[in-house]
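*Asks:* Shown below is the structure under consideration.
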Amino acid sequence: MTASGHRQVLLALTISLIFGVGGFLAGLPLPWMLGPMIGNTLAAMLGLPIKGPDRMRPIVIPVIGVMLGSSVTVALFAQLTGWIPTLVLLPVFLMCAAGTSYAAYRKIGGYDPVTAFYAAMPGGLNEMLIMGGEAGGDEKRIALAHAARVLIVILFVVLFFGLFLGVNSTGTAGWVALDDLSISDYAILGFCAVAGVYLGRWLRLPAAPVFGPMILSAVAHIAEWVIVSPPTIMIITAQIVIGTVIGSRFVGVKATDIARDLSLAVVASVGMLIFAVLFALVIVAISGMSLSQAFLAYSPGGLTEMALLTLAMDQDVTYVSVLHLIRITLVIAIAPLLFRLTRSR
């Protein structure tokens with residue numbers, strides 16, 4: 001990276017720190033991710049010379065996975081049967097959500113069928129970008145659509161929890177200092193982070209850098225080889241990097257184009273989220289699960305971001321993470337087949 005590139009990354013991280021502190025002081029849920037995300041989105045729209053710390057993301061993402069795994073307990077396995085209704089209805093939800101989103105991009109936005117299809121699929125950004133590009137879609141629009149979806153879903157979920165469910169937790173259960181961990185704790189958690197990435201890739205898991213470390217961390221904590229989570233300062237750093245990367249995805253795009261894509265994403269995402277609320281209400285009626293937890297399971301954001309939101313809202317991280325992993329897997333597996341069927345007709 002050039003000296004100019006380093007300055008752009010430094011500016012982006014400075015903006016993130018300012019907005020992160022501001023969000024924390026204002027009591028914003030998940031301030032260290034939402035603050036940087038909002039701040040750098042605004043900076044991109046204003047044309048400021050920022051650049052996302054993309055090289056830092058692969059380093060900090062496994063830290064989030066290890067943290068999520070530390071919340072897994074043995075008692076969780078007694079609740080597995082309660083997940084069945086959510087799993088059964090998940091494919092139906094995906095069809096409704098994707099269909100609504102496709103209509104928004106195709107009919108309102110005027111996107112070509114290929115671009116509209118892959119912009120509408122509630123899967124991972126990287127996977128949909130690759131598939132859409134190979135199918136002949138507009139990669140730039142697909143990338144912006146998914147970046148905007150993640151941004152809008154996170155903001156909507158925070159507002160929904162605060163205004164309708166009365167939940168305004170920042171997810172800070174307690175500060176874990178650097179010296180709260182022993183050398184063996186660092187060694188075990190470090191192993192979970194590094195080996196977990198390779199495990200996730202070997203198992204071909206979506207979001208492997210998150211889910212692989214989460215699996216190993218869960219095993220280590222259930223076995224009580226380690227009983228602490230990563231230091232809080234590391235978690236905050238990881239959230240700042242993630243929020244900065246999301247906000248910086250709009251760099252280089254004209255403000256008018258950003259406004260247009262965000263407007264379309266609002267329509268598409270709100271349609272998805274309406275279905276998320278409706279299906280969550282069905283799950284509540286069937287299983288008696290809390291509305292907040294069911295809604296988080298169906299909210300079509302990124303796995304890492306939704307897992308962090310779940311933690312911030314003091315809900316079952318494992319349940320929500322597994323549901324989002326299955327959602328992304330289903331979309332990746334079914335999208336190419338569904339695309340061929342729709343194109344043939």
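Chains: A, B, ... in order of the structure tokens. Residues: from 1 per chain. Ligands: from 1, in order shown.
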Which residues are close to stretch 24-39 of chain A, i.e. within 10 Å by only C-alpha atoms, leaving aside same-chain residues fewer than 4 positions away? Reply as JSON, numbers by chain.
*Replies:* {"A": [12, 13, 14, 15, 16, 17, 18, 19, 20, 43, 44, 151, 154, 155, 158, 159, 161, 162, 167, 168, 169, 170, 171, 172, 235, 236, 237, 238, 239, 240, 241, 242, 243, 244, 245, 246, 247, 248, 249, 305, 308, 309, 310, 311, 312, 313]}
*Asks:* Hey, can you spit out that residue selection with C-alpha atoms as an mmCIF file, in the first residue's frame?
*Replies:*
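Everything below was put into again39.cif:
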data_model
loop_
_atom_site.group_PDB
_atom_site.id
_atom_site.type_symbol
_atom_site.label_atom_id
_atom_site.label_comp_id
_atom_site.auth_asym_id
_atom_site.auth_seq_id
_atom_site.Cartn_x
_atom_site.Cartn_y
_atom_site.Cartn_z
ATOM 1 C CA ALA A 12 -11.086 6.357 7.970
ATOM 2 C CA LEU A 13 -10.038 4.866 11.317
ATOM 3 C CA THR A 14 -9.879 8.354 12.888
ATOM 4 C CA ILE A 15 -13.437 9.024 11.744
ATOM 5 C CA SER A 16 -14.407 5.617 13.134
ATOM 6 C CA LEU A 17 -12.888 6.385 16.522
ATOM 7 C CA ILE A 18 -14.657 9.759 16.732
ATOM 8 C CA PHE A 19 -18.048 8.320 15.761
ATOM 9 C CA GLY A 20 -17.471 5.239 17.937
ATOM 10 C CA ALA A 43 -17.508 10.485 4.667
ATOM 11 C CA ALA A 44 -17.816 8.468 1.452
ATOM 12 C CA LEU A 151 -26.109 -1.195 6.717
ATOM 13 C CA ILE A 154 -28.406 -3.219 11.270
ATOM 14 C CA LEU A 155 -29.862 0.271 11.691
ATOM 15 C CA VAL A 158 -31.404 -1.350 16.455
ATOM 16 C CA LEU A 159 -34.423 0.953 15.998
ATOM 17 C CA PHE A 161 -35.388 -3.207 19.436
ATOM 18 C CA GLY A 162 -35.268 0.257 20.957
ATOM 19 C CA VAL A 167 -34.256 -3.105 24.455
ATOM 20 C CA ASN A 168 -31.310 -0.700 24.447
ATOM 21 C CA SER A 169 -28.409 -2.801 25.653
ATOM 22 C CA THR A 170 -24.886 -1.964 24.545
ATOM 23 C CA GLY A 171 -23.817 -5.553 25.130
ATOM 24 C CA THR A 172 -21.075 -4.645 27.601
ATOM 25 C CA ILE A 235 -13.380 -6.873 20.665
ATOM 26 C CA ILE A 236 -13.771 -3.098 20.370
ATOM 27 C CA THR A 237 -10.891 -2.955 17.872
ATOM 28 C CA ALA A 238 -12.497 -5.715 15.792
ATOM 29 C CA GLN A 239 -15.844 -3.918 15.760
ATOM 30 C CA ILE A 240 -14.217 -0.632 14.720
ATOM 31 C CA VAL A 241 -12.474 -2.356 11.802
ATOM 32 C CA ILE A 242 -15.675 -4.110 10.682
ATOM 33 C CA GLY A 243 -17.713 -0.898 10.848
ATOM 34 C CA THR A 244 -15.029 1.004 8.948
ATOM 35 C CA VAL A 245 -14.905 -1.602 6.182
ATOM 36 C CA ILE A 246 -18.707 -1.555 5.760
ATOM 37 C CA GLY A 247 -18.891 2.253 5.594
ATOM 38 C CA SER A 248 -15.904 2.490 3.245
ATOM 39 C CA ARG A 249 -17.528 0.232 0.658
ATOM 40 C CA GLU A 305 -22.877 -8.204 12.166
ATOM 41 C CA LEU A 308 -22.645 -8.971 17.294
ATOM 42 C CA LEU A 309 -26.106 -7.393 17.431
ATOM 43 C CA THR A 310 -27.460 -10.525 19.092
ATOM 44 C CA LEU A 311 -24.766 -10.308 21.733
ATOM 45 C CA ALA A 312 -25.485 -6.601 22.245
ATOM 46 C CA MET A 313 -29.189 -7.356 22.722
#
*Asks:* Could you write out, as a VMD selection string, all the residues of stretch 97-325 of chain A that DSSP marks as alpha helix (DSSP H)?
*Replies:* chain A and resid 97 to 103 113 to 120 125 to 134 139 to 163 183 to 202 208 to 222 232 to 248 255 to 287 291 to 298 303 to 312 317 to 325
*Asks:* Taking only C-alpha atoms into account, name the residue in A:Leu341, A:Val331, A:Leu205, A:Ala187 that is nearest to A:Gly123.
*Replies:* A:Val331
*Asks:* Calculated over only C-alpha atoms, which of the candidates A:Ile84, A:Val157, A:Ala145, A:Ala223 has the smallest distance to A:Met306?
*Replies:*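 Residue with the minimum atom-to-atom distance to A:Met306: A:Val157.
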*Asks:* Which residues come within 9 Å of stretch 213-215 of chain A, counting only C-alpha atoms, excluding same-chain residues fewer than 2 positions away, as a VMD selection string?
*Replies:* chain A and resid 62 to 70 189 191 to 200 208 to 211 217 to 220
*Asks:* Report as CSV: every residue of stretch 80-170 of chain A with an atom at most 7 Å from stretch 271-288 of chain A, its closest pair of atoms, and their distance in Å to one decimal, counting only C-alpha atoms, with rows sorted by chain and ascending residue number.
*Replies:*
residue,atom,partner,partner_atom,distance
A:Gly82,CA,A:Ser287,CA,6.6
A:Pro85,CA,A:Ile283,CA,6.6
A:Thr86,CA,A:Ile283,CA,6.4
A:Phe93,CA,A:Phe275,CA,7.0
A:Ala97,CA,A:Met272,CA,4.5
A:Thr100,CA,A:Gly271,CA,6.0
A:Ser101,CA,A:Gly271,CA,6.7
*Asks:* Nearest to A:Thr232: which of A:Gly190, A:Val176, A:Val270, A:Pro113 is it, counting only C-alpha atoms?
*Replies:*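 Residue with the minimum atom-to-atom distance to A:Thr232: A:Val176.
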*Asks:* Can you measure atom CA of A:Ser290 to atom CA of A:Pro91 for me? One decimal in Å is fine.
*Replies:*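 We find that atom CA of A:Ser290 and atom CA of A:Pro91 lie 20.7 Å from each other.
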*Asks:* Hey, can you check how far atom CA of A:His221 sits from atom CA of A:Val72?
*Replies:*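 Atom CA of A:Val72 lies 7.4 Å from atom CA of A:His221.
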*Asks:* Under the rule that only C-alpha atoms are counted, which of A:Ala120, A:Val226, A:Ala143, A:Leu48 is the nearest residue to A:Asp185?
*Replies:*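 Checking each of A:Ala120, A:Val226, A:Ala143, A:Leu48 against A:Asp185, counting only C-alpha atoms, the winner is A:Val226.
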*Asks:* What's the 12 Å shell around A:Ala104, counting only C-alpha atoms, without same-chain residues fewer than 4 positions away, as JSON, numbers by chain?
*Replies:* {"A": [97, 98, 99, 100, 108, 109, 110, 111, 112, 113, 115, 116, 117, 119, 120, 145, 261, 263, 264, 265, 266, 267, 268, 269, 270, 271, 272]}
*Asks:* Taking C-alpha atoms for each residue, export the selection above as an mmCIF file, in the first residue's frame.
*Replies:*
data_model
loop_
_atom_site.group_PDB
_atom_site.id
_atom_site.type_symbol
_atom_site.label_atom_id
_atom_site.label_comp_id
_atom_site.auth_asym_id
_atom_site.auth_seq_id
_atom_site.Cartn_x
_atom_site.Cartn_y
_atom_site.Cartn_z
ATOM 1 C CA ALA A 97 -37.871 -11.991 1.209
ATOM 2 C CA ALA A 98 -35.873 -12.530 -1.988
ATOM 3 C CA GLY A 99 -38.973 -12.168 -4.174
ATOM 4 C CA THR A 100 -39.868 -8.855 -2.567
ATOM 5 C CA ILE A 108 -38.501 0.220 -9.216
ATOM 6 C CA GLY A 109 -34.751 0.349 -9.839
ATOM 7 C CA GLY A 110 -34.882 -0.883 -13.414
ATOM 8 C CA TYR A 111 -31.962 -3.266 -12.883
ATOM 9 C CA ASP A 112 -31.396 -5.923 -15.532
ATOM 10 C CA PRO A 113 -32.698 -9.387 -14.476
ATOM 11 C CA THR A 115 -28.178 -7.854 -11.469
ATOM 12 C CA ALA A 116 -31.590 -7.626 -9.783
ATOM 13 C CA PHE A 117 -31.560 -11.354 -8.969
ATOM 14 C CA ALA A 119 -28.667 -8.060 -5.612
ATOM 15 C CA ALA A 120 -31.878 -9.444 -4.089
ATOM 16 C CA ALA A 145 -26.869 -3.509 -2.891
ATOM 17 C CA ASP A 261 -28.742 2.653 -4.262
ATOM 18 C CA SER A 263 -33.043 4.333 -1.499
ATOM 19 C CA LEU A 264 -33.554 1.099 -3.425
ATOM 20 C CA ALA A 265 -31.923 -0.864 -0.608
ATOM 21 C CA VAL A 266 -34.289 0.768 1.890
ATOM 22 C CA VAL A 267 -37.292 -0.434 -0.112
ATOM 23 C CA ALA A 268 -35.831 -3.929 -0.615
ATOM 24 C CA SER A 269 -34.589 -4.294 2.964
ATOM 25 C CA VAL A 270 -37.785 -3.010 4.558
ATOM 26 C CA GLY A 271 -39.726 -5.542 2.482
ATOM 27 C CA MET A 272 -37.426 -8.306 3.759
#
*Asks:* Could you give me, as a compact mmCIF listing (two decimals) with N, CA and C atoms, in the first residue's frame, the residues within 8 Å of A:Gly301, counting only C-alpha atoms and dropping anything in the same chain fewer than 6 positions from it?
*Replies:*
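Now in result.txt:
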# COMPACT_ATOMS: atom_id res chain seq x y z
N PRO A 122 -30.53 -12.81 -0.26
CA PRO A 122 -29.99 -12.49 1.07
C PRO A 122 -28.88 -13.43 1.50
N ARG A 149 -27.69 -3.26 2.13
CA ARG A 149 -28.61 -4.12 2.89
C ARG A 149 -28.10 -4.35 4.31
N VAL A 150 -26.81 -4.66 4.43
CA VAL A 150 -26.23 -4.88 5.75
C VAL A 150 -26.35 -3.62 6.61
N VAL A 153 -30.20 -3.01 7.45
CA VAL A 153 -30.74 -4.01 8.37
C VAL A 153 -30.24 -3.77 9.79
N ILE A 154 -28.96 -3.47 9.93
CA ILE A 154 -28.41 -3.22 11.27
C ILE A 154 -29.10 -2.01 11.92
*Asks:* Residues within 8 Å of A:Ala177, please, as a list in words. Count only C-alpha atoms; anything in the same chain fewer than 2 positions from it doesn't count.
*Replies:*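 So, after excluding close chain neighbours, the residues are Trp175, Asp179, Asp180, Leu181, Pro231, Thr232 and Ile233 of chain A.
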*Asks:* How many Å separate atom CA of A:Gly132 from atom CA of A:Tyr118?
*Replies:*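 Interatomic distance here is 5.5 Å.
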*Asks:* Ranking A:Ser321, A:Thr256, A:Ser182, A:Thr73 by minimum distance to A:Ala307 and counting only C-alpha atoms, which one comes first?
*Replies:*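 Checking each of A:Ser321, A:Thr256, A:Ser182, A:Thr73 against A:Ala307, counting only C-alpha atoms, the winner is A:Ser321.
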*Asks:* In terms of the shortest atom-to-atom distance over only C-alpha atoms, which of A:Leu178, A:Leu262, A:Val9, A:Leu129 is closest to A:Met56?
*Replies:*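 Answer, going by the shortest atom-to-atom distance: A:Val9.
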